[in-house]
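Taking it in order: structure first as C-alpha cells, then the write-up.
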Amino acid sequence: MCASVKYSIRGPALIPRMKTKHRAYYITLFSIVLLGLIATGMFQFWPHSIESSGDWSVEKRSVRDVPVVRLPADSPVPERGDLSCRMHTCFDVYRCGFNPRNKIKVYIYPLKKYVGEAGVPVSSTISREYNELLTAISDSDYYTDDITRACLFVPSIDLLNQNSLRVKETAQALAQLSRWDRGTNHLLFNMLPGGPPDYNTALDVPRDRALLAGGGFSTWTYRQGYDVSIPVYSPLSAEVDLPEKGPGPRRYFLLSSQVALHPEYREDLAALQARHGEAVLVLDKCSNLSEGVPAARRRCHKQQAFEYPQVLQEATFCMVLRGARLGQAVLSDVLRAGCVPVIIADSYVLPFSEVLDWKRASVVVPEEKMLDVYSILQSIPRRQIEEMQRQARWFWEAYFQSIEAIALATLQIISDRVYPYAAISYEDWNDPPAVKWGSVSNPLFLPLIPPQSQGFTAIVLTYDRVESLFRVITEVSKVPSLSKLLVVWNNQNKNPPEDSLWPKIRVPLKVVRTAENKLSNRFFPYDEIETEAVLAIDDDIIMLTSDELQFGYEVWREFPDRLVGYPGRLHLWDHEMNKWKYESEWTNEVSMVLTGAAFYHKYFNYLYTYKMPGDIKNWVDAHMNCEDIAMNFLVANVTGKAVIKVTPRKKFKCPECTAIDGLSLDQTHMVERHWKRRRQWQPTPVLLPGKSHGWKSLVSYSPWGWEESDTTERLHFHFSLS
Amino acid sequence: MQSWRRKSLWLALSASWLLILLRVFPVLRLAEPARRQAGGPQGWPRWLDAELLQSFSQPGELLEYGPQAPRGGRCYREACFDASRCRGGSLKVFVYSAVGPISETPRKVLTSIEGSRYHTASAAEACLLVLVLSPDTPAGECHPALPQWDGGKNHLVLSLHPTPCLRIFQLGQAMVAEASPTVDTFRPGFDVALPLLPEAHPLRGGALGQLQQHSPLPGVALIAVAEERGGWRLARTNFSACPWDGRCEQDHGPKQTHPRATLPNATFCLIPGHSPDALHFLQALQVLAALQEMPLTRVLALRQQAQFLWDAYFSSIEKVIHTTLEIIQDRISGASAHPSLLWNSPPGALLALSTFSTSPSDFPFYHLQQGSRPLGRFSALIWVGAPGQPPLKLIQAVAGAQHCAQILVLWSSKKPPPPRWPETAVPLTVLDGHRKASDRFLPHSAIDTDAILSLDAHSSLSTSEVDFAFTVWQSFPERMVGFLTWSHFWDEAQGGWGYTGERTNEFSMVLTSAAFYHRYYHTLFTHSLPKALRTLADESPPCVDVLMNFLVAAVTKLPPIKVPYGPWHQEARPPPLAPGGPRFRAEPQPAAQDCLNQMAAGFGHMPLVSSRLRLDPVLFKDPVSVLRKKYRSLEKP
C-alpha cells in the first residue's frame, strides 16, 4: 500500500523534467505496450477459447444433461437401518488411512437421474439446498475426487426431504452405488424425516449401515456416537437480513411464534398467557393477510400483526415446541434472533449435541412441566440469560446459518471420531470468539509445587567474558538445588577455554556452542535441560549470592507458571509521547523482571523458540536487544499472570559490594544469618490486574506496535508512583 | 506545447498499462483451472439452470402440519425419572440398608451415600432410592423385596464391581450406575458410567495424583502398551511397526517390560481393547505418528487434565459416589446445573457448588478463563465474642481502608450490643450471631462483595496493612491472605500431626482472626463440610481456624499467603483469655492440638501445604526514600 501511494505522488513530478532525448525511449516503450496489448488480445481469442469450453462444462453443467439410470423393479433393497451400529462396528476406519492432516476424505458420487421401471423419476431433481451442501463439501478440505482414497462417501441423491422421494426406489438407487457395500462409510443427509400419519423421527429409506445426518432424531432412533443430529435449515436465514441485537432484557419475557401447533399445546399456551399477561406473547397464523406478503413472514396475536422473524428479537425466551416432527426450523430463527430457545420436545436430540453444550444456550423443559415454564425461566439469573443470548446467536452464526455451515460441522464431527487425538476441543466448538479472545487458558494450570529434589538447570549465556563467567559459575555452583549448569557459548570466532581451565564444580557442566551469535540462543529448549526449572543468568551477574539464588528457586516452586526474577522493570504509558515507555527507576510496582537472572519453567523456552507470535524473535535477534521484554510479554500473554520479584539483599548492578560482604560464615552465625536474610528476600507481588498490556499487544500486534493497544487497563493499577 | 505532448504521452502510457492489467489478469485467472483440469473433474458442478433447483421444502411444510406424537405414553429416557418428587429441585437420596453381611466395597459405598449432603433417612421424603448391589451376592438372591420399588421408578441400581445380578435383575425404569458398561446396554443421559476401581480403593481422601511436574520427564518412553499377559511394553523410538504385531520381540530396539502392578514411566499409556483387531485398528489410523507429532502444549494439557480428573473425581470411593449423585442432581436442576467449565477445570464440580452460582465469574477459580476479575471492594466481618466490647479502634482502622465497602459486626456475645456505634465512612451493620464458633463462616446474605476481611474484636491492624493485603488478595482470589500464621508438622513422638504458632521458616495456615478470603468459602464451609467436623469446630474454637484452612487447602491444593504484619501489634495485644474468648494469639492451645488429627481423619488426608514466603510491597525495606514508598507505615507504625 505504502509503496504504491508514494509512486503515484512522485509520478507527475517527473514529467516536467523529461528531456527531449528521452522521447525516443518513451515512444519505444509505448510501442512495446501496444504490441503487448495486441498479443494479449490474440491470446484471449485464440488458445483460451478452446480450453475454456472444456472448463466451462466442468464448472457449470446443466441439470438436464445428467445421465439417466433405469432401476429394475427387482433390484436389491438395502436392509433397514441397523440400530446397534457404532463407529467400531459399522464404520470401516481402514479406509481412512490416507489422512495428511487428520481429516477424513469425502467422495461425492456423480449426479445421475434415477427412474423406476416405468420411467417415473425416483425423486424430484436435486434441491437447491442439497446442491449447496454438495458444493460446500467439494470446496472444502475434506473433498477428494479419488474414490480409492475416500473414507466417506456422499451420494448425490437428495434425501433432505422425505416427502419428495419414493422410499423403496430411492433405497434401490442407493444400493447400486459403486462402493455401497451395505452402506459402510456412506453418509446420508436428511432434514425432514418421516411422513404422515405417524412421522418417524429418522429417515424411512432403508439404508443398512449408512450413517445418517438427520434433523429430528429422538433418543430412540438416534445411534449415539454414530449418527449426527443436524439442524433443520431455515430458508429465512438467507432470505431475511436480521442484524445482531445485543443481549439484555427485552419487551416480552416469553414468546411462542409457531403456527399449526397441536390444540393441546395451544390450550397450554393460552393458559400461560392468561396467567402472566403482557410478559407472554403467543402468536399464530394471520387470518386476513394482505396480498403479496408470504404467510411465513407474518404472525398475528388477535388483530395485531407482527413481522416474522423480526418479532423474535423482542423476546428474551422463545418456545420451540415439537410439531409433527421433533426438529423444527424455528429453532434456527430463534437462535439467530438471540432469543434463548425453550425446548419442549421430549426425547429430541438437539442438533450437534455430540459437541455443542446446549446448556449454555437453551433451556430444555419436559413436556409435562410446560405449564410451569414461566417460573422455571424466572429463576434463571440475569447474567446467565445474557450469556445464553450471546451463546444462542453464536451457535447460529457458527453452525446454523448456512447449509455450508451445517455440512462442514457434520463432517468435522465424523472426522473427530475417526481421529480423536486430533479432535477439536470443547472450547473451540462452544466458546464464542469474544470469549476465546478475552480469556486465558494457562498452559500450566494444574496447581502443584514441584519437589525440591528436582532442582534447576542454570543457563549462562556468554560471549567472551571468561573471567566473569567463571566467577558466576563458581557462585551458582554453591546453590544446593542446582542440578546442572549449561554454558551457551555464543562466540563463533573463539573457542571456549579448555576443559581443564573451567572451575571444578559438583554438578555436570556442559558447554553448548551455537552456530550464530543470537540472543534467542539463551531461550532455546536444549535437550540438556532435564529439570523443569531453568535459571537464566548473565555472565556478569556476580552480585547474587547462592542463598539468594536458592531462595529464588524456592519461590519459583510455589509459582511454577511465573517468571521469578530479581531486578524488576515497569512499563508505563507516556501520555506526552503517546506510546509505551520502559521504566527502570525504583517504583512501587513492576511488571517485568530482567532475564539476566530469572527462574522460569522450561516450557517457556519451547514457546519462545517455536510459538512466539509474529516477527518478534527475529526482531530480537536482529537488534540484539529486548529479549527479556519479549520473554516477559510471552509469559504474561499465555498465563495471564504477573511476574514475581524476589528482593535481593544488596542493590543490584553493584559488583563491588559483593566483595565486602562482611558477615562471617562460622556455624554460630549461620542460623541467625539465615533468618535475617530470609526476612529480607520475601518475594514481592507485582499486580497486573487482569491482563497486562503485553497480553493484548502480543496477540494482535507485535509488542513494538504498542501504540495500538488501549490504555484503560492502566487505570486499574493499585500502586501508583509516589 | 512540448509539455502538452509530454502530458499526452504520459496519459497514453498509463492508459495502456491499465488496459494490460485489466486484460491480462482475467486471462490468467481463467487459464488456471484449465491447467488443473488434467487431474480430472474438479469439485461438484455449479448447475447452469438454477431455476430447476427447488427449495428442499415448501414454507408451509416447515411451518408443520398434521398430527403430533401424543404426550407421555412411552417412557422417554429422561421422563422415566419423576423429577417432581424432588421438592424444590433438590435431590434427596435414600439408600436401602444392606441385608446381612456385606463385603468391604459395598459398605464403603453405603457410608459414602450416607455422608452425602443429599442423603435422607426417610424413604418417603426421598426422590432417589439407591440399591447397592454387592458383587458376591449369589445369583439366586438377586431379587430383594423392596416395598418402594414401583417398577424401578426413581431408583438407582449401583454396583462398583461387575455383578451377575445386573444381568438377571428386572431393572425396569431404574437407572443403572455400573463400572465400564457396554455401549449396547448403556442408556446415555439416563444411566451413569462408573470407573472400574481396584478392590482396595480408599473410602476418603485417597492418594493424590503422582504427577509431580507439568511436563513429561525428558527421555521417558513415548508410549507404553498394555500387554494381554499383563505387564507393559515400552516403545521409545522407531516403533513404526514394532508395538503392533509383536515384532518387538525380535527387535533389538529399546524396549522394556514392566510388571502390570507398577505403572510404566511413559508419556502415554495405551490400553488396547479386548478385540484382537484393536491394535491393527490403531495402526491403520497412524496413532503413533500422531502422538509423536502432538505439540508439547497439548501433551502438557492432557497430562494435567488427566491428573485433575483423577484428583477431583476418582481418587476415592466417596468421590466416585458423590460425583454420581451430583450428575443426577444436575439432570434435575436443568438450567441451574453446573456449567461445563465447573466440571472440567480445577477444583471440579464437587467443590464448586452450583447452589452458590451458575456463573463461573462468581467463583474465585475461573477469573482467568472468563477474562474477569473479582469485585474491587471488600466487606469486613468482625466477630465479637464473649466479653462483648465493641472494637472501636479496629473499626476506624478498617473503615479507613481504600477499598472497604462495608463493616459487618457479628455480635456473638451474651451482652446486648451497644445502641450506638461510631460514625464511619462506610455503612456498619450489626448481625446477631448464635454464639457458635462456626457462625462466623455462615454465608450471611449481607455480604455482597467477593472479598471478606475476617476479623476478631481483638485483632489489631493498620489501614495500610489492610490496603496492601487486599491488593494481594486480588491477585490470588482463590487463596487466603493472612497476617498471622501457624504451621503444621508430623510429630514422630506422638505419632500424629501437631501445629505450632512459633515463628518458623515456613507456615501452612493463616489465622482467620485477620485474613482475606473469597465469600464462596463461607458457602462451601456451611454446605459441603460434614456435620461432624463443624460440630468439632464449635466445641473447640481454635479448630475453626484449622478447619477453614483445611477446606481452602483441599480446594486449592496450595498454601495460603502471608503478608507483612507489624511486630508492634503483638506487644499491644491483650493477655490471652480463656477458650471461647478472643482468639487473636499466635500460639494454638494444647487442647486444640488434637483437632488437627481429627480433621485429617475426616478429610482422609492432610491437605495443608507449606509455604516459605511472605509477599511484601515492592519497595519494602528497600534503600530508597520513604516518601517514594506507597506503603510507608508497614515498616514503622
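Ordering of the C-alpha cells sets the chain letters (A, B, ...); residue numbers start at 1 within each chain; ligands are numbered from 1 in the order shown.
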
> Quick one: residues within 8 Å of Pro443 in chain B, only C-alpha atoms counted, chain neighbours fewer than 4 positions away excluded, as a count of residues only?
Replying inline: 5

>> Which of range 7-227 of chain A end up as strand (DSSP E) when DSSP is run on this backbone - answer as a PyMOL selection string?
In response: chain A and resi 60-61+68-70+106-108+113-115+152-154+187-190+211-214

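Separating CA of Trp437 in chain A from CA of Gln370 in chain B is a distance of 10.1 Å.
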
>> I'd like the contact shell of Phe308 in chain B - 10 Å cut-off, only C-alpha atoms, skipping same-chain residues fewer than 4 positions apart - returned as a list in words.
In response: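 So, after excluding close chain neighbours, the residues are Phe445, Leu446 and Pro447 of chain A; Leu208, Gly209, Leu211, Leu302, Arg303, Gln304, Ala312, Tyr313, Phe314, Asn344, Ser345, Pro346, Pro347 and Gly348 of chain B.
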
Please produce a file of those selected residues containing N, CA and C atoms, as an mmCIF file, in the first residue's frame.
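Contents of result_2.cif, as written:
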```cif
data_model
loop_
_atom_site.group_PDB
_atom_site.id
_atom_site.type_symbol
_atom_site.label_atom_id
_atom_site.label_comp_id
_atom_site.auth_asym_id
_atom_site.auth_seq_id
_atom_site.Cartn_x
_atom_site.Cartn_y
_atom_site.Cartn_z
ATOM 1 N N PHE A 445 -1.878 -25.091 34.244
ATOM 2 C CA PHE A 445 -2.996 -24.737 35.119
ATOM 3 C C PHE A 445 -3.090 -25.595 36.365
ATOM 4 N N LEU A 446 -2.489 -26.772 36.342
ATOM 5 C CA LEU A 446 -2.656 -27.666 37.486
ATOM 6 C C LEU A 446 -1.871 -27.128 38.678
ATOM 7 N N PRO A 447 -2.550 -26.902 39.823
ATOM 8 C CA PRO A 447 -1.815 -26.379 40.972
ATOM 9 C C PRO A 447 -0.910 -27.447 41.558
ATOM 10 N N LEU B 208 -3.091 -38.782 46.403
ATOM 11 C CA LEU B 208 -3.040 -37.687 45.441
ATOM 12 C C LEU B 208 -2.370 -38.197 44.179
ATOM 13 N N GLY B 209 -2.660 -37.540 43.088
ATOM 14 C CA GLY B 209 -2.050 -37.943 41.833
ATOM 15 C C GLY B 209 -0.536 -37.929 41.942
ATOM 16 N N LEU B 211 1.539 -37.060 39.701
ATOM 17 C CA LEU B 211 2.179 -36.084 38.827
ATOM 18 C C LEU B 211 2.897 -35.044 39.680
ATOM 19 N N LEU B 302 -3.024 -32.421 28.333
ATOM 20 C CA LEU B 302 -3.599 -33.745 28.583
ATOM 21 C C LEU B 302 -3.112 -34.307 29.918
ATOM 22 N N ARG B 303 -1.823 -34.194 30.165
ATOM 23 C CA ARG B 303 -1.264 -34.677 31.435
ATOM 24 C C ARG B 303 -1.971 -34.044 32.622
ATOM 25 N N GLN B 304 -2.067 -32.724 32.568
ATOM 26 C CA GLN B 304 -2.628 -32.016 33.717
ATOM 27 C C GLN B 304 -4.111 -32.321 33.878
ATOM 28 N N ALA B 312 -10.040 -35.032 41.315
ATOM 29 C CA ALA B 312 -11.348 -34.457 41.612
ATOM 30 C C ALA B 312 -12.439 -35.510 41.715
ATOM 31 N N TYR B 313 -12.353 -36.577 40.911
ATOM 32 C CA TYR B 313 -13.497 -37.473 40.822
ATOM 33 C C TYR B 313 -13.207 -38.950 41.065
ATOM 34 N N PHE B 314 -11.957 -39.365 41.016
ATOM 35 C CA PHE B 314 -11.700 -40.806 41.010
ATOM 36 C C PHE B 314 -10.946 -41.329 42.230
ATOM 37 N N ASN B 344 -15.047 -29.286 34.414
ATOM 38 C CA ASN B 344 -13.813 -29.651 33.724
ATOM 39 C C ASN B 344 -12.589 -28.829 34.053
ATOM 40 N N SER B 345 -12.665 -27.953 35.035
ATOM 41 C CA SER B 345 -11.409 -27.326 35.440
ATOM 42 C C SER B 345 -11.347 -27.288 36.956
ATOM 43 N N PRO B 346 -10.141 -27.234 37.509
ATOM 44 C CA PRO B 346 -9.988 -27.313 38.952
ATOM 45 C C PRO B 346 -10.801 -26.216 39.641
ATOM 46 N N PRO B 347 -11.390 -26.476 40.788
ATOM 47 C CA PRO B 347 -11.263 -27.689 41.613
ATOM 48 C C PRO B 347 -12.280 -28.782 41.287
ATOM 49 N N GLY B 348 -13.126 -28.615 40.282
ATOM 50 C CA GLY B 348 -14.091 -29.654 39.929
ATOM 51 C C GLY B 348 -15.462 -29.396 40.529
#
```

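If you measure from each of A:Ala295, A:Ile344, A:Ile537, A:Ile380 to Ala335 in chain B using only C-alpha atoms, the closest one turns out to be A:Ile380.
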
>> Using only C-alpha atoms, which protein or nucleic acid residues come within 8 Å of Ser361 in chain B? Drop anything in the same chain fewer than 4 positions from it, and give the result as a ChimeraX atom specification.
In response: /B:365-367,370,372-374

If we count only C-alpha atoms, what is near range 225-237 of chain A at a cut-off of 9 Å, once residues fewer than 6 positions away on the same chain are taken out, given as an mmCIF file with N, CA and C atoms, in the first residue's frame?
```
data_model
loop_
_atom_site.group_PDB
_atom_site.id
_atom_site.type_symbol
_atom_site.label_atom_id
_atom_site.label_comp_id
_atom_site.auth_asym_id
_atom_site.auth_seq_id
_atom_site.Cartn_x
_atom_site.Cartn_y
_atom_site.Cartn_z
ATOM 1 N N CYS A 85 -25.630 -50.108 15.336
ATOM 2 C CA CYS A 85 -24.389 -49.663 14.713
ATOM 3 C C CYS A 85 -23.637 -48.659 15.574
ATOM 4 N N ARG A 86 -22.333 -48.835 15.680
ATOM 5 C CA ARG A 86 -21.445 -47.872 16.331
ATOM 6 C C ARG A 86 -20.244 -47.701 15.424
ATOM 7 N N MET A 87 -19.436 -46.679 15.712
ATOM 8 C CA MET A 87 -18.288 -46.435 14.851
ATOM 9 C C MET A 87 -17.389 -47.660 14.760
ATOM 10 N N CYS A 90 -19.714 -50.650 12.636
ATOM 11 C CA CYS A 90 -20.243 -50.480 11.288
ATOM 12 C C CYS A 90 -19.398 -49.566 10.405
ATOM 13 N N PHE A 91 -18.385 -48.938 10.958
ATOM 14 C CA PHE A 91 -17.601 -47.992 10.170
ATOM 15 C C PHE A 91 -16.238 -48.602 9.901
ATOM 16 N N GLU A 129 -30.821 -26.619 -1.795
ATOM 17 C CA GLU A 129 -30.062 -26.794 -0.563
ATOM 18 C C GLU A 129 -29.082 -27.959 -0.668
ATOM 19 N N PHE A 189 -27.746 -37.299 4.174
ATOM 20 C CA PHE A 189 -28.259 -36.099 4.840
ATOM 21 C C PHE A 189 -29.773 -36.054 4.706
ATOM 22 N N ASN A 190 -30.431 -35.809 5.813
ATOM 23 C CA ASN A 190 -31.890 -35.692 5.784
ATOM 24 C C ASN A 190 -32.314 -34.678 6.831
ATOM 25 N N MET A 191 -33.216 -33.770 6.457
ATOM 26 C CA MET A 191 -33.681 -32.775 7.433
ATOM 27 C C MET A 191 -35.134 -32.967 7.812
ATOM 28 N N LEU A 192 -35.941 -33.389 6.872
ATOM 29 C CA LEU A 192 -37.344 -33.616 7.188
ATOM 30 C C LEU A 192 -37.630 -35.104 7.054
ATOM 31 N N ALA A 210 -25.455 -47.275 6.671
ATOM 32 C CA ALA A 210 -25.063 -45.905 6.359
ATOM 33 C C ALA A 210 -25.281 -44.985 7.556
ATOM 34 N N LEU A 211 -24.376 -44.017 7.717
ATOM 35 C CA LEU A 211 -24.550 -43.004 8.760
ATOM 36 C C LEU A 211 -25.639 -42.050 8.316
ATOM 37 N N LEU A 212 -26.387 -41.571 9.273
ATOM 38 C CA LEU A 212 -27.437 -40.633 8.925
ATOM 39 C C LEU A 212 -27.199 -39.318 9.651
ATOM 40 N N ALA A 213 -27.128 -38.236 8.864
ATOM 41 C CA ALA A 213 -27.121 -36.909 9.460
ATOM 42 C C ALA A 213 -28.549 -36.419 9.367
ATOM 43 N N GLY A 214 -29.281 -36.518 10.457
ATOM 44 C CA GLY A 214 -30.708 -36.276 10.411
ATOM 45 C C GLY A 214 -31.134 -35.102 11.268
ATOM 46 N N GLY A 215 -32.176 -34.419 10.836
ATOM 47 C CA GLY A 215 -32.672 -33.281 11.601
ATOM 48 C C GLY A 215 -33.969 -33.636 12.291
ATOM 49 N N GLY A 216 -33.943 -34.198 13.445
ATOM 50 C CA GLY A 216 -35.181 -34.504 14.146
ATOM 51 C C GLY A 216 -35.151 -35.857 14.820
ATOM 52 N N PHE A 217 -33.952 -36.289 15.174
ATOM 53 C CA PHE A 217 -33.809 -37.569 15.850
ATOM 54 C C PHE A 217 -34.465 -37.537 17.229
ATOM 55 N N ALA A 296 -45.298 -17.041 5.602
ATOM 56 C CA ALA A 296 -44.204 -17.388 6.509
ATOM 57 C C ALA A 296 -43.617 -16.168 7.184
ATOM 58 N N ARG A 297 -43.882 -14.968 6.684
ATOM 59 C CA ARG A 297 -43.253 -13.768 7.214
ATOM 60 C C ARG A 297 -44.169 -12.973 8.133
ATOM 61 N N PRO A 309 -39.155 -13.002 10.912
ATOM 62 C CA PRO A 309 -38.699 -13.362 12.252
ATOM 63 C C PRO A 309 -38.293 -12.179 13.141
ATOM 64 N N GLY A 327 -37.676 -32.071 14.996
ATOM 65 C CA GLY A 327 -36.792 -30.987 14.554
ATOM 66 C C GLY A 327 -37.606 -29.870 13.936
ATOM 67 N N GLN A 328 -37.363 -28.664 14.384
ATOM 68 C CA GLN A 328 -38.152 -27.533 13.916
ATOM 69 C C GLN A 328 -37.232 -26.442 13.369
ATOM 70 N N ALA A 329 -37.597 -25.919 12.192
ATOM 71 C CA ALA A 329 -36.772 -24.859 11.604
ATOM 72 C C ALA A 329 -36.804 -23.595 12.457
ATOM 73 N N VAL A 330 -37.858 -23.475 13.277
ATOM 74 C CA VAL A 330 -37.978 -22.273 14.099
ATOM 75 C C VAL A 330 -36.782 -22.153 15.063
ATOM 76 N N LEU A 331 -36.181 -23.262 15.420
ATOM 77 C CA LEU A 331 -35.023 -23.220 16.317
ATOM 78 C C LEU A 331 -33.925 -22.344 15.721
ATOM 79 N N SER A 332 -33.712 -22.499 14.431
ATOM 80 C CA SER A 332 -32.694 -21.703 13.760
ATOM 81 C C SER A 332 -33.037 -20.212 13.819
ATOM 82 N N ASP A 333 -34.303 -19.876 13.546
ATOM 83 C CA ASP A 333 -34.712 -18.466 13.578
ATOM 84 C C ASP A 333 -34.555 -17.878 14.975
ATOM 85 N N ARG A 336 -30.982 -17.236 15.882
ATOM 86 C CA ARG A 336 -30.476 -16.097 15.139
ATOM 87 C C ARG A 336 -30.904 -14.787 15.776
ATOM 88 N N VAL A 349 -33.195 -35.086 20.199
ATOM 89 C CA VAL A 349 -31.736 -34.982 20.258
ATOM 90 C C VAL A 349 -31.355 -33.676 19.586
ATOM 91 N N LEU A 350 -30.879 -32.738 20.361
ATOM 92 C CA LEU A 350 -30.599 -31.405 19.834
ATOM 93 C C LEU A 350 -29.485 -31.435 18.782
ATOM 94 N N PRO A 351 -29.537 -30.514 17.827
ATOM 95 C CA PRO A 351 -28.548 -30.525 16.746
ATOM 96 C C PRO A 351 -27.116 -30.474 17.276
ATOM 97 N N PHE A 352 -26.277 -31.306 16.701
ATOM 98 C CA PHE A 352 -24.849 -31.365 17.050
ATOM 99 C C PHE A 352 -24.636 -31.522 18.553
ATOM 100 N N SER A 353 -25.581 -32.168 19.234
ATOM 101 C CA SER A 353 -25.468 -32.249 20.694
ATOM 102 C C SER A 353 -24.229 -33.056 21.111
ATOM 103 N N GLU A 354 -23.638 -33.777 20.162
ATOM 104 C CA GLU A 354 -22.420 -34.516 20.496
ATOM 105 C C GLU A 354 -21.292 -33.556 20.875
ATOM 106 N N TYR A 399 -22.972 -22.565 13.267
ATOM 107 C CA TYR A 399 -23.409 -23.900 12.857
ATOM 108 C C TYR A 399 -24.786 -23.966 12.207
ATOM 109 N N PHE A 400 -25.531 -22.890 12.174
ATOM 110 C CA PHE A 400 -26.897 -22.953 11.649
ATOM 111 C C PHE A 400 -27.111 -22.082 10.426
ATOM 112 N N GLN A 401 -26.278 -21.079 10.226
ATOM 113 C CA GLN A 401 -26.707 -20.016 9.335
ATOM 114 C C GLN A 401 -26.725 -20.392 7.860
ATOM 115 N N SER A 402 -25.956 -21.380 7.463
ATOM 116 C CA SER A 402 -25.998 -21.759 6.059
ATOM 117 C C SER A 402 -25.900 -23.264 5.948
ATOM 118 N N ILE A 403 -26.287 -23.754 4.794
ATOM 119 C CA ILE A 403 -26.152 -25.190 4.527
ATOM 120 C C ILE A 403 -24.680 -25.578 4.628
ATOM 121 N N ILE A 406 -23.680 -26.190 8.177
ATOM 122 C CA ILE A 406 -24.224 -27.459 8.677
ATOM 123 C C ILE A 406 -23.407 -28.626 8.139
ATOM 124 N N ALA A 407 -23.090 -28.570 6.842
ATOM 125 C CA ALA A 407 -22.358 -29.679 6.224
ATOM 126 C C ALA A 407 -20.965 -29.816 6.832
ATOM 127 N N ALA A 409 -19.814 -28.756 9.742
ATOM 128 C CA ALA A 409 -19.829 -29.185 11.141
ATOM 129 C C ALA A 409 -20.055 -30.695 11.215
ATOM 130 N N THR A 410 -20.940 -31.213 10.355
ATOM 131 C CA THR A 410 -21.210 -32.650 10.339
ATOM 132 C C THR A 410 -19.939 -33.429 10.006
ATOM 133 N N ILE A 413 -17.428 -33.428 12.843
ATOM 134 C CA ILE A 413 -17.772 -34.346 13.932
ATOM 135 C C ILE A 413 -17.338 -35.765 13.583
ATOM 136 N N ILE A 414 -17.619 -36.182 12.349
ATOM 137 C CA ILE A 414 -17.251 -37.547 11.952
ATOM 138 C C ILE A 414 -15.728 -37.673 11.902
ATOM 139 N N ARG A 417 -14.286 -38.159 15.252
ATOM 140 C CA ARG A 417 -14.470 -39.504 15.800
ATOM 141 C C ARG A 417 -13.398 -40.442 15.266
ATOM 142 N N SER B 55 -36.429 -25.421 -3.721
ATOM 143 C CA SER B 55 -36.046 -25.447 -2.314
ATOM 144 C C SER B 55 -36.416 -26.815 -1.736
ATOM 145 N N SER B 57 -37.875 -27.667 0.779
ATOM 146 C CA SER B 57 -39.193 -27.796 1.388
ATOM 147 C C SER B 57 -39.992 -26.561 1.053
ATOM 148 N N PRO B 59 -42.445 -23.536 2.333
ATOM 149 C CA PRO B 59 -42.564 -22.869 3.638
ATOM 150 C C PRO B 59 -43.637 -23.512 4.501
ATOM 151 N N LEU B 62 -42.384 -26.381 6.470
ATOM 152 C CA LEU B 62 -41.571 -26.050 7.631
ATOM 153 C C LEU B 62 -42.430 -25.545 8.770
#
```

>> Would you pick out the contacts of Gly371 in chain B at 8 Å or less, using only C-alpha atoms, so that residues sharing its chain but fewer than 4 positions from it are not included, and give the list as a list of chain:residue names?
In response: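 Counting only the stated atoms, we get A:Val435, A:Gly438, A:Ser439, A:Val440, A:Gly690, B:His367.
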
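The space between CA of Val93 in chain A and CA of Arg223 in chain A spans 17.9 Å.
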
>> Which of range 288-516 of chain A end up as alpha helix (DSSP H) when DSSP is run on this backbone - answer as a PyMOL selection string?
In response: chain A and resi 330-336+373-378+382-395+403-418+426-430+433-438+466-476

>> For a test of reading the model, state the distance in Å between CA of Ile317 in chain B and CA of Ser112 in chain B, rounded to one decimal.
In response: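 Straight-line distance from CA of Ile317 in chain B to CA of Ser112 in chain B works out to 7.3 Å.
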
> If we count only C-alpha atoms, what is near range 403-405 of chain B at a cut-off of 6 Å, once residues fewer than 4 positions away on the same chain are taken out, given as a list in words?
Replying inline: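 Final neighbour list, sorted by chain and number: Arg377, Phe378 and Ser379 of chain B.
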
Please write the residues from the selection above to a file, keeping all heavy atoms, as an mmCIF file, in the first residue's frame.
```cif
data_model
loop_
_atom_site.group_PDB
_atom_site.id
_atom_site.type_symbol
_atom_site.label_atom_id
_atom_site.label_comp_id
_atom_site.auth_asym_id
_atom_site.auth_seq_id
_atom_site.Cartn_x
_atom_site.Cartn_y
_atom_site.Cartn_z
ATOM 1 N N ARG B 377 -13.892 -4.429 45.910
ATOM 2 C CA ARG B 377 -14.223 -3.959 47.255
ATOM 3 C C ARG B 377 -14.276 -5.163 48.195
ATOM 4 O O ARG B 377 -14.380 -6.285 47.744
ATOM 5 C CB ARG B 377 -15.596 -3.279 47.276
ATOM 6 C CG ARG B 377 -15.949 -2.502 46.046
ATOM 7 C CD ARG B 377 -15.779 -1.018 46.184
ATOM 8 N NE ARG B 377 -16.701 -0.412 47.127
ATOM 9 C CZ ARG B 377 -16.396 0.683 47.818
ATOM 10 N NH1 ARG B 377 -15.190 1.200 47.696
ATOM 11 N NH2 ARG B 377 -17.259 1.241 48.637
ATOM 12 N N PHE B 378 -14.230 -4.892 49.480
ATOM 13 C CA PHE B 378 -14.367 -5.996 50.426
ATOM 14 C C PHE B 378 -15.279 -5.619 51.577
ATOM 15 O O PHE B 378 -15.519 -4.441 51.845
ATOM 16 C CB PHE B 378 -12.993 -6.440 50.952
ATOM 17 C CG PHE B 378 -12.306 -5.437 51.844
ATOM 18 C CD1 PHE B 378 -12.578 -5.404 53.212
ATOM 19 C CD2 PHE B 378 -11.396 -4.537 51.321
ATOM 20 C CE1 PHE B 378 -11.955 -4.478 54.035
ATOM 21 C CE2 PHE B 378 -10.770 -3.608 52.137
ATOM 22 C CZ PHE B 378 -11.045 -3.572 53.495
ATOM 23 N N SER B 379 -15.822 -6.657 52.227
ATOM 24 C CA SER B 379 -16.620 -6.453 53.434
ATOM 25 C C SER B 379 -15.793 -6.917 54.623
ATOM 26 O O SER B 379 -15.239 -8.014 54.593
ATOM 27 C CB SER B 379 -17.900 -7.283 53.390
ATOM 28 O OG SER B 379 -18.618 -7.011 52.224
#
```
